[in-house]
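**Student:** A single structure is presented below for examination.
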Amino acid sequence: MNDTIAAISTSTGGAISIVRVSGEDAIEITNKIFEGKNLLEVDSHTINYGYIKENNKIIDEVLVSVMKAPNTYTKENITEINCHGSIASVSKILELLLQNGCRLAEPGEFTKRAFLNGRLDLLEAESVIDIINSKTEESLSLSVRQLTGEGTQMISTLREKILSLLANIEVKIDYPEYEDIEDVTHSDLIKSIDEIQNDMNEILEESKNAKIIKDGIKTCIIGKTNVGKSSILNRLIGEEKAIVTDIEGTTRDIVEGSINIDGIILNLIDTAGIRKTEDIVENIGVQKSLQQIEKSELILFVLDNSRNLEQTEYELLEKLKNKNYIIIINKSDLKTNIDINKLDKEKIVYISALNNDGFTELKKKIKEIFNINKIETTDLTYLTSSRSIALLKEAQSKLPQIKEAIKNNLPIDMIEIDIKEVWNILGKIIGETYEDELINKLFSQFCLGK
Amino acid sequence: MNEQYEIIVVGGGHAGCEASLAAARLGNKTLLITGNKKNIADMPCNPSIGGSAKGIVVREIDALGGEMGRNADKSLLQIKMLNSAKGPAVQALRAQADKITYPKEMLKTLENQQNLQILEAMIEDLIIENNKIKGIVLSDGKKIYSNSVILTTGTYLKSDILVGDTRHREGPHGEKPSNHLSDNLKKYGFKIIRLKTGTPQRIDRNTIDFSKTKREDGDKKQLTFSFDNKAYYDVDKQEPCYLIYTTEKTHEIIRKNLHKSSMYGGLSDIKGIGPRYCPSIEDKIVRFSDKERHQLFLEPESIYYDDIYVQGFSTSMPHDIQEQMVHSLPGLEHAKILKYAYAIEYDAIYPTQLKQTLETKIIENLYTAGQINGTSGYEEAACQGLIAGINASLKLQNKEPLILKRNEAYIGVLIDDLITKGIRDPYRLLTSRAEYRLLLRSDNADLRLMEKGYNIGLVKKSSYDRLKEKQKNIASLTQLLKTTKVTPKKNDYLKQYTTELKDGISLYNLLKRPEITMEHISALTPIPFDKEVIEQVEISIKYEGYIEKANKEAEKMIDLENKKIPDDINYDEIHNLASEAKQKLKEVKPTSIGQALRISGVNPADISILMIYLKKEYNYGNK
């Protein structure tokens, strides 16, 4: 029986992303992370509105298509999760699926299954081979490109560290009589696992930055009428001679332009709304703002220096709590009437859109929030594909159970099973595991023999 | 008049003994040909049977109805359970076996075996008709006919003994090697490779000062390889081994004379590739130059003579340098060398030319087993001999072959590795080679394989009945633990060992707690079962999660194993297949998708293409 596979099936950067799941357990697994209708009970070929949740935390608002075997592309059960394009949420959804029993699909695997399950005809079959070939090529060259330099280096070093640990365990199993090789103790193991954990965190942290740089940050500007949103927008665009492109999205979510600030791309959403409402001189309702906040990774909340906060503004502030946001107090050229006592002073930047003042501060603040001050100096070659990151996270998710086993004093041959799995998963990121890697290590590292 | 047999086995080493016994026991008129009857079941290298992974193989041989386990039990000098502190998956028995008793007992078994005859002779050629074996030709030209032939010639194919700058064409013990057989095999289309191995000195025990060594004893409890569980030794009277270390002086002598070693310039024409797991002492000193000392074991070979085997000191230095080297060792300052160390180079068949049954792909009904297939070790040889003997018989009887999967036995791992991956240096089994080693334990070899051995006809009814009894007891004990509950009130005893019980809990779930063992359980309730049953139940409950995971992984593998590749597939017809993959697939001719995936140089994309081709050509429309 085939296992259940999952992958992001749209290219990143678009406004909508689709995560596709195929296999016997596709609906069951999707249902585990979905809140809305019980997907196990819905009809085939229906689209279902709801949320993807992790421990009651909403990850994204989604539409899930449920298609039951055999009338599907792969002839297996399929779900497709349509979510907002944000890289963070797409990756998270994929990660949740992998944690709940899916395997990451190989390049071209959906098409391959479609064929093997008799979905495609003979003529199409010929082209399938080409697709698999080209996809493999593509993903290979892609991963090679993404993994040159530091990214590969970091994964390789980490793998080497684990391999060395494995060799130290194995050598005493296969050559127990060798007294001059130290046994790996449980406290050594805990130390090593902690180190591995730290290394993984570091790579993931760096990779997060790399993704921000590659894909940009979804940003919205909110605030009451007349606080100066559109002049700030115009300043940002005009000032930086930024690239402004129109990317066609869906009705739910329009990315209107990208601003490049010292290498960080801000993808602005719903700028049309800003312009329009400014023209009509109409208040933006809290409800409308809330929608924008939910979609964004960064919120620029504009206040007016010359007047105090209103109730709706306090309400919005409350909603921002768990988000990355910056409070822009505009009109710093006017007399201060605002009471900032209830605001998080760390988040405040004073600007004057009129005098073009404070924008350097704003940019600094954005970089601070995403912890990417070092971007200009580093070679941006960490893991940038969702696949690599998902695999690394999969590997990372095994560590707690390994530590648990060590704490429970389980025998080393059991613990090693899971360590080996982590090492294998990391191997998939680099795409190179060759035969007998471990055995070669044994004989090159230790002096054994009769 | 022509002599006619059903099966001829060529070679009387560990592979040949198992092959001929299995063949004869399964009712075939069998002939075992050996160069010298005295060398039957000889142990030309270390005096031990078992060890990590290998000890499990001996148990597997026993469970399938082979002889090695029983024979080792009859000749024990010392035995211990390795890795006993490391968990159940990697434990294995290792024994010192008497080099006089082991061959003597084996010869007795062979001579008493119905259907089996032994002939002292050398063979020179094979009789082949239409790619099918018909018999063999002896060196005197005499022909003997048979339906199947099993070659278990060990290191005797064109073997050269290497010492310093000298090379002599001879086998171990100065025996005559077989000079023509490998040329003839080449002529029939076999790819022949050259391998190398070595053995250390033997020292007169009376000339060793054992006070300078560390004594290593066997386990203080009775252990046996065989399911018969019959001990022939006295636990309190086991022969000890001794541990010593090389000295700075030893290293100096070796470094100074390195150029005299056959392997380091003494001989310029060495082609054989030596085993990585078993380097010579000069190799160790060159490759691990920062190591101040190397461990050596002094092992008794027999209680009937004085030779002590120096494990870890194998070399191809000239004799005079060996004298200096030995005398630089603590306790061996005045030691007398009885036999010098040597290296041996020999021919072997590249093992991807074999089927899973160990039948050659080129010649029907010709089988090979043991060192001729590129392996090293008595146990590795014996298990191949057994499998070849069984499969040769099954084929003659038109029965399904015995093919052990990687999740069923180390034997399955070994054969699959050989025929799928090929070899570069002599192959030794290691636990690291087994991906499902949690399933392949020493303690469950009987449960894994005995039924197969019984169905084939090699395991006695009485043993099989005992196995059934054991299985029944395992089930009842498991049931007992599931249905017996401990209540919080009654847990005064448990308090000192584990966290408080808030509610009632079954003994089964209690045992899952890492800190609780079967000993605690038996203090709570009587457990009227013997220790093998208790051990089995404890392992399967305690490690249930891990075992389940391993079983799941194995199922995936079996799934791929069941996707068969037809014999007549033409890889040249598959466009898009990478040329390296194409070449490897043509060489190995995998029988399943699972096997194809394990070939190095064949990647998952190649497999996808292969699967699509198979679907299209062989299965299309069969939705």
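Going through the structure tokens in order, the chains are called A, B, and so on, while each chain numbers its residues from 1 and the ligands are numbered from 1 in the order shown.
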Using only C-alpha atoms, tabulate the residues of chain B lying at most 7 Å from any atom of chain A, each with its closest atom pair and that distance in Å to one decimal, by chain and increasing residue number, as CSV.

**Tutor:**
residue,atom,partner,partner_atom,distance
B:Ser52,CA,A:Asp174,CA,5.2
B:Leu82,CA,A:Pro176,CA,6.7
B:Asn83,CA,A:Pro176,CA,6.5
B:Lys86,CA,A:Pro411,CA,5.4
B:Gly87,CA,A:Pro411,CA,4.7
B:Ala89,CA,A:Asp413,CA,6.5
B:Val90,CA,A:Ile173,CA,6.7
B:Arg276,CA,A:Phe443,CA,6.5
B:Tyr277,CA,A:Gly449,CA,5.5
B:Cys278,CA,A:Gly449,CA,3.8
B:Pro279,CA,A:Gly449,CA,5.5
B:Lys284,CA,A:Cys447,CA,6.2
B:Phe288,CA,A:Cys447,CA,6.8
B:Gln311,CA,A:Lys450,CA,4.8
B:Gly312,CA,A:Lys450,CA,3.7
B:Phe313,CA,A:Lys450,CA,6.6
B:Ser314,CA,A:Lys450,CA,6.6
B:Leu430,CA,A:Asp174,CA,6.1
B:Thr431,CA,A:Asp174,CA,6.4
B:Ser432,CA,A:Glu170,CA,6.8
B:Pro514,CA,A:Asn408,CA,5.8
B:Ser600,CA,A:Glu435,CA,6.4
B:Ile609,CA,A:Ile129,CA,6.1
B:Ile612,CA,A:Leu116,CA,6.6
B:Lys615,CA,A:Leu116,CA,6.7
B:Lys623,CA,A:Gly118,CA,5.7

**Student:** Hey, what's within 12 Å of Ile516 (chain B) if we count only C-alpha atoms and toss same-chain stuff fewer than 2 positions away? As a PyMOL selection string, please?

**Tutor:** (chain A and resi 408-410) or (chain B and resi 493-499+507-514+518-524+538+541-542)

**Student:** Return as a list in words the full set of residues in region 257-422 of chain B whose backbone-based DSSP assignment is strand (DSSP E).

**Tutor:**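 Going through region 257-422 of chain B, the strand (DSSP E) residues come out as Gln295, Leu296, Phe297, Leu298, Glu299, Pro300, Asp307, Ile308, Tyr309, Val310, Gln311, Ile337, Leu338, Lys339, Tyr342, Ala343, Ile344, Glu345, Tyr346, Asp347, Ala348, Ile349, Leu366, Tyr367 and Thr368 of chain B.
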
**Student:** Please provide as a ChimeraX atom specification all residues within 10 Å of Glu580 (chain B), with the sequence filter that same-chain residues fewer than 2 positions apart are discarded (counting only C-alpha atoms).

**Tutor:** /B:577-578,582-586,600-603,606

**Student:** What would the file look like if the residues just selected were written as a short mmCIF file (atom, residue, chain, number, x, y, z; two decimals), in the first residue's frame with all heavy atoms?

**Tutor:**
data_model
loop_
_atom_site.label_atom_id
_atom_site.label_comp_id
_atom_site.auth_asym_id
_atom_site.auth_seq_id
_atom_site.Cartn_x
_atom_site.Cartn_y
_atom_site.Cartn_z
N LEU B 577 16.57 6.18 -18.90
CA LEU B 577 17.23 5.59 -17.75
C LEU B 577 18.70 6.02 -17.78
O LEU B 577 19.36 5.88 -18.80
CB LEU B 577 17.12 4.07 -17.83
CG LEU B 577 17.24 3.25 -16.55
CD1 LEU B 577 16.23 3.71 -15.52
CD2 LEU B 577 17.04 1.78 -16.86
N ALA B 578 19.19 6.55 -16.67
CA ALA B 578 20.58 7.01 -16.63
C ALA B 578 21.51 5.85 -16.98
O ALA B 578 21.23 4.70 -16.62
CB ALA B 578 20.90 7.55 -15.25
N LYS B 582 21.48 1.93 -15.82
CA LYS B 582 21.23 0.88 -16.80
C LYS B 582 22.28 -0.21 -16.68
O LYS B 582 21.97 -1.40 -16.62
CB LYS B 582 21.26 1.51 -18.20
CG LYS B 582 20.47 0.72 -19.23
CD LYS B 582 20.48 1.41 -20.59
CE LYS B 582 19.40 2.46 -20.72
NZ LYS B 582 19.31 3.03 -22.07
N GLN B 583 23.52 0.23 -16.60
CA GLN B 583 24.62 -0.73 -16.52
C GLN B 583 24.55 -1.57 -15.24
O GLN B 583 24.70 -2.79 -15.27
CB GLN B 583 25.94 0.05 -16.59
CG GLN B 583 27.17 -0.82 -16.63
CD GLN B 583 28.26 -0.23 -15.77
OE1 GLN B 583 28.46 0.98 -15.74
NE2 GLN B 583 28.94 -1.10 -15.03
N LYS B 584 24.26 -0.90 -14.13
CA LYS B 584 24.16 -1.62 -12.85
C LYS B 584 22.99 -2.60 -12.85
O LYS B 584 23.10 -3.73 -12.36
CB LYS B 584 23.98 -0.62 -11.70
CG LYS B 584 25.27 0.08 -11.30
CD LYS B 584 26.17 -0.88 -10.54
CE LYS B 584 27.53 -0.31 -10.18
NZ LYS B 584 27.47 0.83 -9.26
N LEU B 585 21.88 -2.18 -13.42
CA LEU B 585 20.70 -3.04 -13.44
C LEU B 585 20.95 -4.27 -14.31
O LEU B 585 20.54 -5.37 -13.98
CB LEU B 585 19.48 -2.26 -13.96
CG LEU B 585 18.92 -1.23 -12.99
CD1 LEU B 585 17.97 -0.26 -13.69
CD2 LEU B 585 18.19 -1.90 -11.83
N LYS B 586 21.68 -4.06 -15.40
CA LYS B 586 21.99 -5.18 -16.28
C LYS B 586 22.92 -6.16 -15.58
O LYS B 586 22.84 -7.37 -15.78
CB LYS B 586 22.64 -4.67 -17.57
CG LYS B 586 21.61 -4.18 -18.58
CD LYS B 586 22.22 -3.22 -19.58
CE LYS B 586 22.78 -3.93 -20.79
NZ LYS B 586 23.20 -2.92 -21.80
N SER B 600 23.79 0.36 -5.52
CA SER B 600 24.38 1.69 -5.49
C SER B 600 24.50 2.20 -6.92
O SER B 600 24.82 1.44 -7.83
CB SER B 600 25.74 1.66 -4.80
OG SER B 600 26.60 0.79 -5.48
N GLY B 601 24.21 3.47 -7.11
CA GLY B 601 24.25 4.01 -8.46
C GLY B 601 22.89 3.99 -9.15
O GLY B 601 22.73 4.50 -10.25
N VAL B 602 21.89 3.39 -8.50
CA VAL B 602 20.53 3.45 -9.02
C VAL B 602 19.74 4.34 -8.08
O VAL B 602 19.60 4.03 -6.90
CB VAL B 602 19.89 2.04 -9.06
CG1 VAL B 602 18.44 2.13 -9.53
CG2 VAL B 602 20.69 1.13 -9.97
N ASN B 603 19.28 5.50 -8.57
CA ASN B 603 18.60 6.42 -7.65
C ASN B 603 17.09 6.37 -7.82
O ASN B 603 16.58 5.76 -8.76
CB ASN B 603 19.17 7.83 -7.80
CG ASN B 603 18.91 8.39 -9.17
OD1 ASN B 603 17.81 8.25 -9.70
ND2 ASN B 603 19.91 9.02 -9.76
N ASP B 606 15.51 6.84 -11.19
CA ASP B 606 15.65 5.69 -12.09
C ASP B 606 14.58 4.66 -11.80
O ASP B 606 14.02 4.03 -12.71
CB ASP B 606 17.03 5.03 -11.91
CG ASP B 606 18.17 5.98 -12.26
OD1 ASP B 606 18.02 6.71 -13.25
OD2 ASP B 606 19.18 6.00 -11.53
#

**Student:** Just how far from CA of Val422 (chain A) is CA of Leu165 (chain A), in Å to one decimal?

**Tutor:** 12.1 Å

**Student:** List the spatial neighbours of Tyr340 (chain B) as a PyMOL selection string - criterion: any atom at most 8 Å away, only C-alpha atoms, same-chain residues fewer than 4 positions off excluded.

**Tutor:** chain B and resi 200-202+319+322

**Student:** Using backbone DSSP assignments, extract all helix (DSSP H, G or I) residues from region 286-372 of chain A; output them as a PyMOL selection string.

**Tutor:** chain A and resi 286-295+311-320+345-347+359-369

**Student:** Applying 10 Å and only C-alpha atoms, which residues near Ser289 (chain A) remain after dropping the ones on its own chain fewer than 4 positions away? List them as a PyMOL selection string.

**Tutor:** chain A and resi 220-224+284-285+293-294+316+319

**Student:** Take the residues from that selection and write them out as a PDB file, in the first residue's frame, keeping all heavy atoms.

**Tutor:**
ATOM      1  N   CYS A 220       1.053  45.203   5.717  1.00  0.00           N
ATOM      2  CA  CYS A 220      -0.084  46.098   5.487  1.00  0.00           C
ATOM      3  C   CYS A 220       0.096  47.386   6.284  1.00  0.00           C
ATOM      4  O   CYS A 220       0.803  47.404   7.284  1.00  0.00           O
ATOM      5  CB  CYS A 220      -1.403  45.421   5.831  1.00  0.00           C
ATOM      6  SG  CYS A 220      -1.617  45.132   7.585  1.00  0.00           S
ATOM      7  N   ILE A 221      -0.483  48.418   5.776  1.00  0.00           N
ATOM      8  CA  ILE A 221      -0.473  49.707   6.494  1.00  0.00           C
ATOM      9  C   ILE A 221      -1.897  49.962   6.944  1.00  0.00           C
ATOM     10  O   ILE A 221      -2.804  50.005   6.114  1.00  0.00           O
ATOM     11  CB  ILE A 221       0.006  50.852   5.573  1.00  0.00           C
ATOM     12  CG1 ILE A 221       1.378  50.490   4.973  1.00  0.00           C
ATOM     13  CG2 ILE A 221       0.066  52.168   6.335  1.00  0.00           C
ATOM     14  CD1 ILE A 221       1.903  51.536   3.991  1.00  0.00           C
ATOM     15  N   ILE A 222      -2.096  50.081   8.248  1.00  0.00           N
ATOM     16  CA  ILE A 222      -3.450  50.373   8.712  1.00  0.00           C
ATOM     17  C   ILE A 222      -3.460  51.657   9.556  1.00  0.00           C
ATOM     18  O   ILE A 222      -2.418  52.126  10.007  1.00  0.00           O
ATOM     19  CB  ILE A 222      -4.050  49.209   9.540  1.00  0.00           C
ATOM     20  CG1 ILE A 222      -3.191  48.918  10.769  1.00  0.00           C
ATOM     21  CG2 ILE A 222      -4.194  47.951   8.707  1.00  0.00           C
ATOM     22  CD1 ILE A 222      -3.867  48.007  11.773  1.00  0.00           C
ATOM     23  N   GLY A 223      -4.620  52.175   9.749  1.00  0.00           N
ATOM     24  CA  GLY A 223      -4.763  53.394  10.536  1.00  0.00           C
ATOM     25  C   GLY A 223      -6.011  54.125  10.129  1.00  0.00           C
ATOM     26  O   GLY A 223      -6.608  53.822   9.084  1.00  0.00           O
ATOM     27  N   LYS A 224      -6.409  55.028  10.967  1.00  0.00           N
ATOM     28  CA  LYS A 224      -7.631  55.784  10.658  1.00  0.00           C
ATOM     29  C   LYS A 224      -7.414  56.717   9.481  1.00  0.00           C
ATOM     30  O   LYS A 224      -6.285  57.007   9.097  1.00  0.00           O
ATOM     31  CB  LYS A 224      -8.061  56.607  11.891  1.00  0.00           C
ATOM     32  CG  LYS A 224      -8.758  55.774  12.951  1.00  0.00           C
ATOM     33  CD  LYS A 224      -9.176  56.622  14.145  1.00  0.00           C
ATOM     34  CE  LYS A 224     -10.260  57.642  13.795  1.00  0.00           C
ATOM     35  NZ  LYS A 224     -11.597  57.026  13.630  1.00  0.00           N
ATOM     36  N   ILE A 284     -11.936  53.567   8.026  1.00  0.00           N
ATOM     37  CA  ILE A 284     -11.744  52.132   7.874  1.00  0.00           C
ATOM     38  C   ILE A 284     -12.317  51.463   9.105  1.00  0.00           C
ATOM     39  O   ILE A 284     -11.954  51.785  10.227  1.00  0.00           O
ATOM     40  CB  ILE A 284     -10.256  51.768   7.784  1.00  0.00           C
ATOM     41  CG1 ILE A 284      -9.652  52.415   6.543  1.00  0.00           C
ATOM     42  CG2 ILE A 284     -10.081  50.254   7.760  1.00  0.00           C
ATOM     43  CD1 ILE A 284      -8.188  52.148   6.407  1.00  0.00           C
ATOM     44  N   GLY A 285     -13.185  50.532   8.902  1.00  0.00           N
ATOM     45  CA  GLY A 285     -13.772  49.836  10.040  1.00  0.00           C
ATOM     46  C   GLY A 285     -12.770  48.893  10.672  1.00  0.00           C
ATOM     47  O   GLY A 285     -11.829  48.440  10.019  1.00  0.00           O
ATOM     48  N   ILE A 293      -4.803  42.475   9.105  1.00  0.00           N
ATOM     49  CA  ILE A 293      -3.831  42.058  10.123  1.00  0.00           C
ATOM     50  C   ILE A 293      -3.588  40.564  10.029  1.00  0.00           C
ATOM     51  O   ILE A 293      -2.452  40.088  10.057  1.00  0.00           O
ATOM     52  CB  ILE A 293      -4.347  42.424  11.545  1.00  0.00           C
ATOM     53  CG1 ILE A 293      -4.313  43.945  11.728  1.00  0.00           C
ATOM     54  CG2 ILE A 293      -3.514  41.734  12.619  1.00  0.00           C
ATOM     55  CD1 ILE A 293      -5.021  44.431  12.977  1.00  0.00           C
ATOM     56  N   GLU A 294      -4.668  39.802   9.880  1.00  0.00           N
ATOM     57  CA  GLU A 294      -4.548  38.364   9.847  1.00  0.00           C
ATOM     58  C   GLU A 294      -3.681  37.877   8.699  1.00  0.00           C
ATOM     59  O   GLU A 294      -2.942  36.916   8.822  1.00  0.00           O
ATOM     60  CB  GLU A 294      -5.944  37.764   9.759  1.00  0.00           C
ATOM     61  CG  GLU A 294      -6.009  36.362  10.331  1.00  0.00           C
ATOM     62  CD  GLU A 294      -7.437  35.886  10.306  1.00  0.00           C
ATOM     63  OE1 GLU A 294      -8.239  36.380  11.127  1.00  0.00           O
ATOM     64  OE2 GLU A 294      -7.734  35.054   9.444  1.00  0.00           O
ATOM     65  N   LEU A 316      -7.670  47.987  18.008  1.00  0.00           N
ATOM     66  CA  LEU A 316      -6.759  47.420  17.008  1.00  0.00           C
ATOM     67  C   LEU A 316      -5.426  47.025  17.651  1.00  0.00           C
ATOM     68  O   LEU A 316      -4.862  45.963  17.359  1.00  0.00           O
ATOM     69  CB  LEU A 316      -6.514  48.412  15.874  1.00  0.00           C
ATOM     70  CG  LEU A 316      -7.633  48.480  14.824  1.00  0.00           C
ATOM     71  CD1 LEU A 316      -7.330  49.592  13.821  1.00  0.00           C
ATOM     72  CD2 LEU A 316      -7.795  47.138  14.119  1.00  0.00           C
ATOM     73  N   LYS A 319      -5.409  43.734  19.103  1.00  0.00           N
ATOM     74  CA  LYS A 319      -5.361  42.645  18.127  1.00  0.00           C
ATOM     75  C   LYS A 319      -3.949  42.409  17.578  1.00  0.00           C
ATOM     76  O   LYS A 319      -3.656  41.376  16.993  1.00  0.00           O
ATOM     77  CB  LYS A 319      -6.290  42.948  16.924  1.00  0.00           C
ATOM     78  CG  LYS A 319      -7.714  43.187  17.310  1.00  0.00           C
ATOM     79  CD  LYS A 319      -8.391  41.887  17.758  1.00  0.00           C
ATOM     80  CE  LYS A 319      -9.805  42.177  18.194  1.00  0.00           C
ATOM     81  NZ  LYS A 319     -10.391  41.038  18.931  1.00  0.00           N
TER      82      LYS A 319
END

**Student:** For the atom pair CA of Leu610 (chain B) and CA of Asp559 (chain B), what is the interatomic distance in Å to one decimal place?

**Tutor:**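 So the answer is 16.1 Å.
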
**Student:** For Ile59 (chain A), please output as a list in words all residues within 12 Å (counting only C-alpha atoms; exclusion window: fewer than 3 positions along the same chain).

**Tutor:**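 Within the cut-off, the hits are Ile33, Phe34, Glu35, Gly50, Tyr51, Ile52, Lys53, Glu54, Asn55, Asn56, Val62, Cys83, His84, Ser86, Ile87, Ala88, Ser89, Val90, Ser91, Lys92, Ile93, Leu94, Glu95, Leu96, Glu294 and Lys295 of chain A.
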
**Student:** For N, CA, C and O atoms, I'd like the residues from the last selection saved as a tab-separated table (two decimals), in the first residue's frame.

**Tutor:**
chain	number	residue	atom	x	y	z
A	33	ILE	N	-5.76	18.39	11.35
A	33	ILE	CA	-5.25	19.74	11.57
A	33	ILE	C	-6.24	20.80	11.12
A	33	ILE	O	-5.95	21.98	11.11
A	34	PHE	N	-7.43	20.34	10.74
A	34	PHE	CA	-8.42	21.25	10.17
A	34	PHE	C	-9.55	21.52	11.15
A	34	PHE	O	-10.02	20.61	11.84
A	35	GLU	N	-9.97	22.77	11.25
A	35	GLU	CA	-11.16	23.04	12.04
A	35	GLU	C	-12.22	23.62	11.12
A	35	GLU	O	-12.00	24.57	10.38
A	50	GLY	N	-12.58	26.67	6.42
A	50	GLY	CA	-12.24	26.49	7.83
A	50	GLY	C	-10.85	27.00	8.14
A	50	GLY	O	-10.30	27.84	7.41
A	51	TYR	N	-10.29	26.49	9.23
A	51	TYR	CA	-8.98	26.95	9.66
A	51	TYR	C	-8.03	25.77	9.83
A	51	TYR	O	-8.44	24.68	10.18
A	52	ILE	N	-6.75	26.03	9.59
A	52	ILE	CA	-5.73	25.06	9.98
A	52	ILE	C	-5.25	25.49	11.35
A	52	ILE	O	-4.91	26.66	11.57
A	53	LYS	N	-5.23	24.53	12.27
A	53	LYS	CA	-4.88	24.89	13.63
A	53	LYS	C	-3.75	24.01	14.16
A	53	LYS	O	-3.63	22.85	13.80
A	54	GLU	N	-2.96	24.62	14.99
A	54	GLU	CA	-1.96	23.83	15.73
A	54	GLU	C	-2.18	24.13	17.20
A	54	GLU	O	-2.03	25.28	17.62
A	55	ASN	N	-2.51	23.13	17.97
A	55	ASN	CA	-2.84	23.28	19.39
A	55	ASN	C	-3.73	24.49	19.62
A	55	ASN	O	-3.43	25.38	20.41
A	56	ASN	N	-4.82	24.56	18.91
A	56	ASN	CA	-5.80	25.63	19.07
A	56	ASN	C	-5.34	26.99	18.57
A	56	ASN	O	-6.06	27.97	18.67
A	62	VAL	N	-8.42	28.75	5.52
A	62	VAL	CA	-8.20	27.98	4.28
A	62	VAL	C	-9.48	27.47	3.66
A	62	VAL	O	-10.54	27.45	4.28
A	83	CYS	N	-4.42	27.98	0.75
A	83	CYS	CA	-4.18	28.90	1.85
A	83	CYS	C	-3.59	30.20	1.34
A	83	CYS	O	-3.26	30.32	0.16
A	84	HIS	N	-3.40	31.14	2.24
A	84	HIS	CA	-2.83	32.41	1.83
A	84	HIS	C	-1.38	32.19	1.47
A	84	HIS	O	-0.74	31.28	1.98
A	86	SER	N	1.33	33.36	2.24
A	86	SER	CA	2.45	33.61	3.14
A	86	SER	C	3.31	32.38	3.34
A	86	SER	O	2.82	31.30	3.65
A	87	ILE	N	4.58	32.57	3.10
A	87	ILE	CA	5.53	31.45	3.18
A	87	ILE	C	5.45	30.79	4.54
A	87	ILE	O	5.46	29.57	4.66
A	88	ALA	N	5.36	31.61	5.55
A	88	ALA	CA	5.37	31.07	6.90
A	88	ALA	C	4.21	30.11	7.10
A	88	ALA	O	4.38	29.00	7.60
A	89	SER	N	3.00	30.52	6.64
A	89	SER	CA	1.86	29.65	6.91
A	89	SER	C	1.87	28.42	6.01
A	89	SER	O	1.52	27.33	6.45
A	90	VAL	N	2.30	28.55	4.77
A	90	VAL	CA	2.35	27.38	3.88
A	90	VAL	C	3.32	26.35	4.44
A	90	VAL	O	3.01	25.15	4.52
A	91	SER	N	4.49	26.82	4.84
A	91	SER	CA	5.48	25.90	5.38
A	91	SER	C	4.96	25.22	6.64
A	91	SER	O	5.15	24.04	6.87
A	92	LYS	N	4.28	26.02	7.44
A	92	LYS	CA	3.74	25.49	8.69
A	92	LYS	C	2.71	24.39	8.41
A	92	LYS	O	2.70	23.35	9.07
A	93	ILE	N	1.87	24.64	7.43
A	93	ILE	CA	0.83	23.65	7.10
A	93	ILE	C	1.48	22.35	6.62
A	93	ILE	O	1.13	21.25	7.06
A	94	LEU	N	2.47	22.49	5.77
A	94	LEU	CA	3.18	21.30	5.28
A	94	LEU	C	3.82	20.56	6.45
A	94	LEU	O	3.74	19.33	6.57
A	95	GLU	N	4.43	21.34	7.32
A	95	GLU	CA	5.10	20.76	8.48
A	95	GLU	C	4.09	19.97	9.35
A	95	GLU	O	4.37	18.86	9.78
A	96	LEU	N	2.93	20.56	9.55
A	96	LEU	CA	1.90	19.89	10.36
A	96	LEU	C	1.48	18.57	9.71
A	96	LEU	O	1.29	17.56	10.37
A	294	GLU	N	-4.67	39.80	9.88
A	294	GLU	CA	-4.55	38.36	9.85
A	294	GLU	C	-3.68	37.88	8.70
A	294	GLU	O	-2.94	36.92	8.82
A	295	LYS	N	-3.79	38.56	7.57
A	295	LYS	CA	-3.05	38.12	6.39
A	295	LYS	C	-1.58	38.51	6.43
A	295	LYS	O	-0.79	38.03	5.64

**Student:** List the spatial neighbours of Lys187 (chain B) as a list in words - criterion: any atom at most 12 Å away, only C-alpha atoms, same-chain residues fewer than 4 positions off excluded.

**Tutor:**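 The contact residues come out as Asp125, Leu126, Ile128, His180, Leu181, Ser182, Asp183, Lys191, Ile192 and Ile362 of chain B.
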
**Student:** Let me make sure I understand: among B:Ala369, B:Val235, B:Leu21, B:Leu329, which one has the smallest atom-to-atom distance to Asn112 (chain B) if we use only C-alpha atoms?

**Tutor:**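 Checking each of B:Ala369, B:Val235, B:Leu21, B:Leu329 against Asn112 (chain B), counting only C-alpha atoms, the winner is B:Leu21.
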
**Student:** Counting only C-alpha atoms, which residue out of A:Leu399, A:Leu97, A:Leu290, A:Ala26 sits closest to Asn198 (chain A)?

**Tutor:** A:Leu399
